[in-house]
Structures are given as structure tokens and as C-alpha cells.
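Input: a single structure, listed below in C-alpha cells.
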Amino acid sequence: MASTKPLSRFWEWGKNIICVGRNYADHAKEMKNAVPSEPLFFLKPSSAYVREGFPIVRPYYCHKLHHEVELGVVMGRGAKGVSPEAAMEHVGGYALCLDMTARDTQEECKKKGLPWTLAKGFHTSCPVSDFLPKEKVPDPHQLKLWLKVNGELRQEGETSSMIFSIPYIISYISGIVPLEEGDVILTGSPKGVSAVEENDEIEAGIEGLLTMRFRVAQQRSRP
């Protein structure tokens, strides 16, 4: 049954943001992490979404905020335990996303064996572009992602370099966490992640399809 909610505005009503980590070998290497044998994933709350016109806010506890540019897969229908062969039938479209990461906080969480929520789930930690219907993306594994900070190219990578393909990711996640219409899967970041500061301007894009731009602001103190 078709939903009455517009998939083109998934960020307003979609429930889940599922992020795949270390899905590009070069990024795993630059972060001194082992390449995983199965997808590593974590969650962000839907309140992490932020759209153009609003700033990315570095949390008061963060001193090293990193950008990670990623292709987002928007689920067009629910999926529970789907096979890789059937997985793409559940995709409604795509978006460009940033997985903003409080890297110093993440490092401390890792040392203490704590979850990454403080590092990955804060408000505005998931900047998101306009929706791209799947008809405009014949092959999501043949896209070039890029990101600039203050006009300087920081990240550039091809989705063909993913360790785990999109159908495999959807199948793997849906066997553990049932996916719902409007959910978004962030499929990992290519190398080149780096820190941003207050008032920096981040521009990112999918070559030939879309771009987005955000400014970085600073949360001054704990509420």
C-alpha cells in the first residue's frame, strides 16, 4: 500500500538513521581501524537531521568535529530479512548525507568501552540534501562524492570503492533491524575526513546530481 507521506521529505517523518562504518578501505586505514568482515553499523536519532539554511552545531563538549561525506539510501518500503537479490526493490531513492562526528569524544568512548552516541548522535549531526528519486540514479555504485571546506577539497571518492554493496548492506541490516519506509542508511565515507571549526563553510556534492552547503556554529555551553 502506498504511503501518504512524501518520500521527498523523508527527513520530516522517517524514523531511523542507520550508519555503516568503515565501508571504504582507505578510510578505515586513515583512522587506523581494521577493515570489517561484516558491516559495522550504528544509529543516529532522527533529530540529528539538519537541512540547508541551518547550521551544523558543534557540541559544547567537542573540540575536534570531523566531517564524513556519505551516500544515503532512502528506503521506499519496509524490509525485514530481505535477500541481497531483492534488496534494491525496497529502495525509494538517495540523498547526500554528512556523518558529523565528535572525534575526540568518540576516541574517549572507545577507550572506555562506551557507546558512540555522544560522538555521533548529537543535534545537527546528520546534514542531509534534497531527495534523489532512484530513477535519477541508474547505478548508485558509480557515483563520485566530494566535500570542500572553505573552498578546499577535503574528500573525494567513488561509491564503487565500497567494501559492502548497497544490496548486501540492506540485506544484512534488515536481518537484524527491520527497516521502515523513510529510513535512511548512510553507506560509509571515503578517506579525507578532517576537522572543521566555527564559521567554516562545508560544501558537498554528488558529481552531476546535487550539492549542499552548511556553515559550522558552536554551542557555547551546556544547556
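In the C-alpha cells, each chain is lettered A, B, ... as it comes, each chain's residues begin at 1, and ligands are numbered from 1 in order of appearance.
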For this session: Per DSSP on the backbone, filter stretch 152-217 of chain A down to the residues in alpha helix (DSSP H) and report them as a ChimeraX atom specification.
Result: /A:166-174
Problem set entry | Residues flagged strand (DSSP E or B) by DSSP in chain A, as a PyMOL selection string | chain A and resi 16-21+24+40-45+49-50+56-58+65-66+69-75+79+91-98+101-102+126-128+132-133+144-149+152-158+162+179+184-186+195-196+201-206+210-218
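Shortest separation to A:Ile173 among A:Pro45, A:Trp11, A:Val35, A:Ser83 occurs at residue A:Ser83, atoms counted being only C-alpha atoms.
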Just the residues within 10 Å of A:Cys109, please, counting only C-alpha atoms, with nothing from its chain fewer than 6 positions along; format it as a short mmCIF file (atom, residue, chain, number, x, y, z; two decimals) with C-alpha atoms, in the first residue's frame.
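The result, written out as around.cif:
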```
data_model
loop_
_atom_site.label_atom_id
_atom_site.label_comp_id
_atom_site.auth_asym_id
_atom_site.auth_seq_id
_atom_site.Cartn_x
_atom_site.Cartn_y
_atom_site.Cartn_z
CA ARG A 103 36.06 12.63 17.06
CA PRO A 115 28.61 3.60 23.11
CA TRP A 116 29.26 6.29 20.48
CA THR A 117 26.00 8.21 20.94
CA LEU A 118 27.65 11.37 22.28
CA ALA A 119 30.02 11.37 19.31
#
```
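If only C-alpha atoms are the atoms counted, then among A:Gly81, A:Leu40, A:Val193, A:Val149 the closest residue to A:Asp99 is A:Val193.
Atom to atom, atom CA of A:Gly208 and atom CA of A:Pro133 stand 14.4 Å apart.
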Exercise. Could you pull the residues within 9 Å of stretch 162-168 of chain A, counting only C-alpha atoms, minus those fewer than 5 positions along the same chain, as a VMD selection string?
Worked result: chain A and resid 22 to 25 35 to 36 38 to 39 73 83 to 88 140 to 141 173 187 to 190
Could you write those residues out with N, CA, C and O atoms, as a PDB file, in the first residue's frame?
```pdb
ATOM      1  N   ARG A  22      33.267   2.313   8.355  1.00  0.00           N
ATOM      2  CA  ARG A  22      34.432   1.623   7.769  1.00  0.00           C
ATOM      3  C   ARG A  22      34.079   0.841   6.498  1.00  0.00           C
ATOM      4  O   ARG A  22      34.517  -0.293   6.326  1.00  0.00           O
ATOM      5  N   ASN A  23      33.288   1.455   5.620  1.00  0.00           N
ATOM      6  CA  ASN A  23      32.883   0.763   4.395  1.00  0.00           C
ATOM      7  C   ASN A  23      33.742   1.136   3.193  1.00  0.00           C
ATOM      8  O   ASN A  23      33.449   0.725   2.076  1.00  0.00           O
ATOM      9  N   TYR A  24      34.778   1.936   3.435  1.00  0.00           N
ATOM     10  CA  TYR A  24      35.789   2.240   2.422  1.00  0.00           C
ATOM     11  C   TYR A  24      37.137   1.904   3.045  1.00  0.00           C
ATOM     12  O   TYR A  24      37.478   2.415   4.114  1.00  0.00           O
ATOM     13  N   ALA A  25      37.907   1.060   2.387  1.00  0.00           N
ATOM     14  CA  ALA A  25      39.162   0.574   2.971  1.00  0.00           C
ATOM     15  C   ALA A  25      40.122   1.719   3.282  1.00  0.00           C
ATOM     16  O   ALA A  25      40.794   1.712   4.324  1.00  0.00           O
ATOM     17  N   VAL A  35      39.748  -3.383   8.582  1.00  0.00           N
ATOM     18  CA  VAL A  35      38.629  -3.485   7.638  1.00  0.00           C
ATOM     19  C   VAL A  35      37.686  -4.574   8.154  1.00  0.00           C
ATOM     20  O   VAL A  35      38.111  -5.693   8.424  1.00  0.00           O
ATOM     21  N   PRO A  36      36.399  -4.269   8.313  1.00  0.00           N
ATOM     22  CA  PRO A  36      35.485  -5.250   8.899  1.00  0.00           C
ATOM     23  C   PRO A  36      35.167  -6.400   7.957  1.00  0.00           C
ATOM     24  O   PRO A  36      35.197  -6.256   6.732  1.00  0.00           O
ATOM     25  N   GLU A  38      32.193  -7.993   8.297  1.00  0.00           N
ATOM     26  CA  GLU A  38      30.761  -7.781   8.113  1.00  0.00           C
ATOM     27  C   GLU A  38      30.471  -6.310   8.372  1.00  0.00           C
ATOM     28  O   GLU A  38      31.255  -5.639   9.051  1.00  0.00           O
ATOM     29  N   PRO A  39      29.370  -5.776   7.838  1.00  0.00           N
ATOM     30  CA  PRO A  39      29.086  -4.356   8.056  1.00  0.00           C
ATOM     31  C   PRO A  39      29.014  -3.991   9.537  1.00  0.00           C
ATOM     32  O   PRO A  39      28.416  -4.712  10.340  1.00  0.00           O
ATOM     33  N   VAL A  73      20.964   6.036   1.465  1.00  0.00           N
ATOM     34  CA  VAL A  73      19.957   5.236   0.761  1.00  0.00           C
ATOM     35  C   VAL A  73      18.634   5.408   1.500  1.00  0.00           C
ATOM     36  O   VAL A  73      18.545   5.120   2.701  1.00  0.00           O
ATOM     37  N   SER A  83      16.635 -10.628   0.940  1.00  0.00           N
ATOM     38  CA  SER A  83      17.853 -11.143   0.318  1.00  0.00           C
ATOM     39  C   SER A  83      18.563 -10.018  -0.429  1.00  0.00           C
ATOM     40  O   SER A  83      17.934  -9.018  -0.812  1.00  0.00           O
ATOM     41  N   PRO A  84      19.864 -10.134  -0.657  1.00  0.00           N
ATOM     42  CA  PRO A  84      20.559  -9.134  -1.483  1.00  0.00           C
ATOM     43  C   PRO A  84      19.932  -8.988  -2.865  1.00  0.00           C
ATOM     44  O   PRO A  84      19.875  -7.884  -3.417  1.00  0.00           O
ATOM     45  N   GLU A  85      19.441 -10.081  -3.408  1.00  0.00           N
ATOM     46  CA  GLU A  85      18.858 -10.058  -4.760  1.00  0.00           C
ATOM     47  C   GLU A  85      17.585  -9.215  -4.808  1.00  0.00           C
ATOM     48  O   GLU A  85      17.291  -8.592  -5.836  1.00  0.00           O
ATOM     49  N   ALA A  86      16.840  -9.173  -3.710  1.00  0.00           N
ATOM     50  CA  ALA A  86      15.575  -8.434  -3.678  1.00  0.00           C
ATOM     51  C   ALA A  86      15.711  -7.063  -3.026  1.00  0.00           C
ATOM     52  O   ALA A  86      14.770  -6.268  -3.047  1.00  0.00           O
ATOM     53  N   ALA A  87      16.870  -6.772  -2.463  1.00  0.00           N
ATOM     54  CA  ALA A  87      17.020  -5.580  -1.614  1.00  0.00           C
ATOM     55  C   ALA A  87      16.726  -4.272  -2.347  1.00  0.00           C
ATOM     56  O   ALA A  87      16.090  -3.362  -1.794  1.00  0.00           O
ATOM     57  N   MET A  88      17.187  -4.137  -3.589  1.00  0.00           N
ATOM     58  CA  MET A  88      17.047  -2.857  -4.290  1.00  0.00           C
ATOM     59  C   MET A  88      15.592  -2.526  -4.622  1.00  0.00           C
ATOM     60  O   MET A  88      15.264  -1.368  -4.892  1.00  0.00           O
ATOM     61  N   PRO A 140      23.861   3.321  -8.229  1.00  0.00           N
ATOM     62  CA  PRO A 140      24.404   4.026  -7.064  1.00  0.00           C
ATOM     63  C   PRO A 140      25.837   3.648  -6.726  1.00  0.00           C
ATOM     64  O   PRO A 140      26.477   4.301  -5.896  1.00  0.00           O
ATOM     65  N   HIS A 141      26.351   2.607  -7.379  1.00  0.00           N
ATOM     66  CA  HIS A 141      27.742   2.206  -7.162  1.00  0.00           C
ATOM     67  C   HIS A 141      28.692   2.857  -8.164  1.00  0.00           C
ATOM     68  O   HIS A 141      29.869   2.499  -8.231  1.00  0.00           O
ATOM     69  N   ILE A 173      21.471  -5.546   7.340  1.00  0.00           N
ATOM     70  CA  ILE A 173      20.816  -4.753   8.388  1.00  0.00           C
ATOM     71  C   ILE A 173      19.383  -5.236   8.608  1.00  0.00           C
ATOM     72  O   ILE A 173      18.944  -5.391   9.753  1.00  0.00           O
ATOM     73  N   THR A 187      25.995   4.966   3.936  1.00  0.00           N
ATOM     74  CA  THR A 187      26.738   3.804   3.439  1.00  0.00           C
ATOM     75  C   THR A 187      28.248   3.890   3.624  1.00  0.00           C
ATOM     76  O   THR A 187      28.977   3.079   3.054  1.00  0.00           O
ATOM     77  N   GLY A 188      28.725   4.825   4.430  1.00  0.00           N
ATOM     78  CA  GLY A 188      30.149   4.914   4.688  1.00  0.00           C
ATOM     79  C   GLY A 188      30.802   6.084   3.984  1.00  0.00           C
ATOM     80  O   GLY A 188      30.260   6.632   3.022  1.00  0.00           O
ATOM     81  N   SER A 189      31.980   6.442   4.462  1.00  0.00           N
ATOM     82  CA  SER A 189      32.678   7.631   3.984  1.00  0.00           C
ATOM     83  C   SER A 189      34.022   7.279   3.359  1.00  0.00           C
ATOM     84  O   SER A 189      34.751   6.447   3.891  1.00  0.00           O
ATOM     85  N   PRO A 190      34.351   7.918   2.235  1.00  0.00           N
ATOM     86  CA  PRO A 190      35.700   7.754   1.689  1.00  0.00           C
ATOM     87  C   PRO A 190      36.720   8.484   2.552  1.00  0.00           C
ATOM     88  O   PRO A 190      36.360   9.194   3.497  1.00  0.00           O
TER      89      PRO A 190
END
```
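Here the question is which of A:Ala195, A:Val91, A:Ile176, A:Leu71 gets nearest to A:Leu210 using only C-alpha atoms, and that residue is A:Leu71.
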Exercise. Which residues come within 8 Å of A:Leu143, counting only C-alpha atoms, excluding same-chain residues fewer than 3 positions away, as a PyMOL selection string?
Worked result: chain A and resi 139-140+158-160+206-207
Writer output for current selection, all heavy atoms, as an mmCIF file, in the first residue's frame:
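File produced: result34.cif:
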```
data_model
loop_
_atom_site.group_PDB
_atom_site.id
_atom_site.type_symbol
_atom_site.label_atom_id
_atom_site.label_comp_id
_atom_site.auth_asym_id
_atom_site.auth_seq_id
_atom_site.Cartn_x
_atom_site.Cartn_y
_atom_site.Cartn_z
ATOM 1 N N ASP A 139 22.824 3.730 -11.349
ATOM 2 C CA ASP A 139 23.714 2.821 -10.626
ATOM 3 C C ASP A 139 24.341 3.560 -9.448
ATOM 4 O O ASP A 139 25.271 4.353 -9.627
ATOM 5 C CB ASP A 139 24.807 2.276 -11.543
ATOM 6 C CG ASP A 139 25.664 1.215 -10.860
ATOM 7 O OD1 ASP A 139 25.511 1.012 -9.639
ATOM 8 O OD2 ASP A 139 26.497 0.589 -11.546
ATOM 9 N N PRO A 140 23.861 3.321 -8.229
ATOM 10 C CA PRO A 140 24.404 4.026 -7.064
ATOM 11 C C PRO A 140 25.837 3.648 -6.726
ATOM 12 O O PRO A 140 26.477 4.301 -5.896
ATOM 13 C CB PRO A 140 23.456 3.625 -5.928
ATOM 14 C CG PRO A 140 22.931 2.282 -6.345
ATOM 15 C CD PRO A 140 22.803 2.367 -7.847
ATOM 16 N N GLU A 158 34.779 7.409 -4.847
ATOM 17 C CA GLU A 158 33.818 6.734 -5.723
ATOM 18 C C GLU A 158 33.054 5.690 -4.918
ATOM 19 O O GLU A 158 33.647 4.921 -4.153
ATOM 20 C CB GLU A 158 34.558 6.039 -6.873
ATOM 21 C CG GLU A 158 35.543 6.909 -7.627
ATOM 22 C CD GLU A 158 34.869 7.736 -8.710
ATOM 23 O OE1 GLU A 158 33.663 7.484 -8.961
ATOM 24 O OE2 GLU A 158 35.536 8.607 -9.289
ATOM 25 N N THR A 159 31.742 5.639 -5.124
ATOM 26 C CA THR A 159 30.958 4.628 -4.417
ATOM 27 C C THR A 159 31.296 3.212 -4.880
ATOM 28 O O THR A 159 30.969 2.241 -4.192
ATOM 29 C CB THR A 159 29.447 4.889 -4.568
ATOM 30 O OG1 THR A 159 29.118 4.955 -5.969
ATOM 31 C CG2 THR A 159 29.038 6.194 -3.901
ATOM 32 N N SER A 160 31.958 3.105 -6.005
ATOM 33 C CA SER A 160 32.412 1.784 -6.469
ATOM 34 C C SER A 160 33.461 1.186 -5.528
ATOM 35 O O SER A 160 33.747 -0.014 -5.593
ATOM 36 C CB SER A 160 32.984 1.876 -7.884
ATOM 37 O OG SER A 160 34.075 2.780 -7.930
ATOM 38 N N ILE A 206 27.239 15.248 -4.918
ATOM 39 C CA ILE A 206 27.316 14.054 -5.748
ATOM 40 C C ILE A 206 27.501 14.577 -7.160
ATOM 41 O O ILE A 206 26.633 15.288 -7.681
ATOM 42 C CB ILE A 206 26.045 13.192 -5.662
ATOM 43 C CG1 ILE A 206 25.746 12.804 -4.219
ATOM 44 C CG2 ILE A 206 26.186 11.946 -6.547
ATOM 45 C CD1 ILE A 206 24.424 12.067 -4.035
ATOM 46 N N GLU A 207 28.639 14.274 -7.752
ATOM 47 C CA GLU A 207 29.002 14.878 -9.033
ATOM 48 C C GLU A 207 27.894 14.707 -10.074
ATOM 49 O O GLU A 207 27.400 13.610 -10.321
ATOM 50 C CB GLU A 207 30.297 14.257 -9.555
ATOM 51 C CG GLU A 207 30.867 14.975 -10.769
ATOM 52 C CD GLU A 207 32.232 14.456 -11.139
ATOM 53 O OE1 GLU A 207 33.229 14.982 -10.601
ATOM 54 O OE2 GLU A 207 32.309 13.509 -11.948
#
```
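The neighbours of A:Ala204 here are the residues that come within 8 Å of it, using only C-alpha atoms and leaving out any residue fewer than 5 positions away in the same chain; they are A:Val69, A:Leu145, A:Trp146, A:Leu147, A:Lys148, A:Thr211, A:Met212, A:Arg213.
Minimum distance to A:Gly182 across A:Lys111, A:Arg154, A:Arg51, A:Lys5 (counting only C-alpha atoms) occurs at A:Lys5.
Remark: for A:Asp200, the closest of the candidate residues A:His67, A:Lys120, A:Lys110, A:Lys136 is A:His67 (distances computed over only C-alpha atoms).
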Exercise. Pick the closest to A:Val137 from A:His27, A:Gly157, A:Gly93, A:Arg222: which is it, counting only C-alpha atoms?
Worked result: A:Gly93
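Of note, atom CA of A:Gly192 and atom CA of A:Tyr61 are spaced 23.4 Å apart.
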For this session: For A:Leu98, please output as JSON, numbers by chain all residues within 7 Å (counting only C-alpha atoms; exclusion window: fewer than 6 positions along the same chain).
Result: {"A": [67, 68, 69, 70, 126, 127, 128]}
Just-selected residues, C-alpha atoms written as a PDB file, in the first residue's frame:
```pdb
ATOM      1  CA  HIS A  67      33.072  15.708   8.522  1.00  0.00           C
ATOM      2  CA  GLU A  68      32.308  12.424   6.743  1.00  0.00           C
ATOM      3  CA  VAL A  69      30.506  12.658   3.377  1.00  0.00           C
ATOM      4  CA  GLU A  70      28.297   9.680   2.551  1.00  0.00           C
ATOM      5  CA  CYS A 126      23.278  14.440  10.049  1.00  0.00           C
ATOM      6  CA  PRO A 127      23.121  17.233   7.441  1.00  0.00           C
ATOM      7  CA  VAL A 128      21.077  15.992   4.504  1.00  0.00           C
TER       8      VAL A 128
END
```
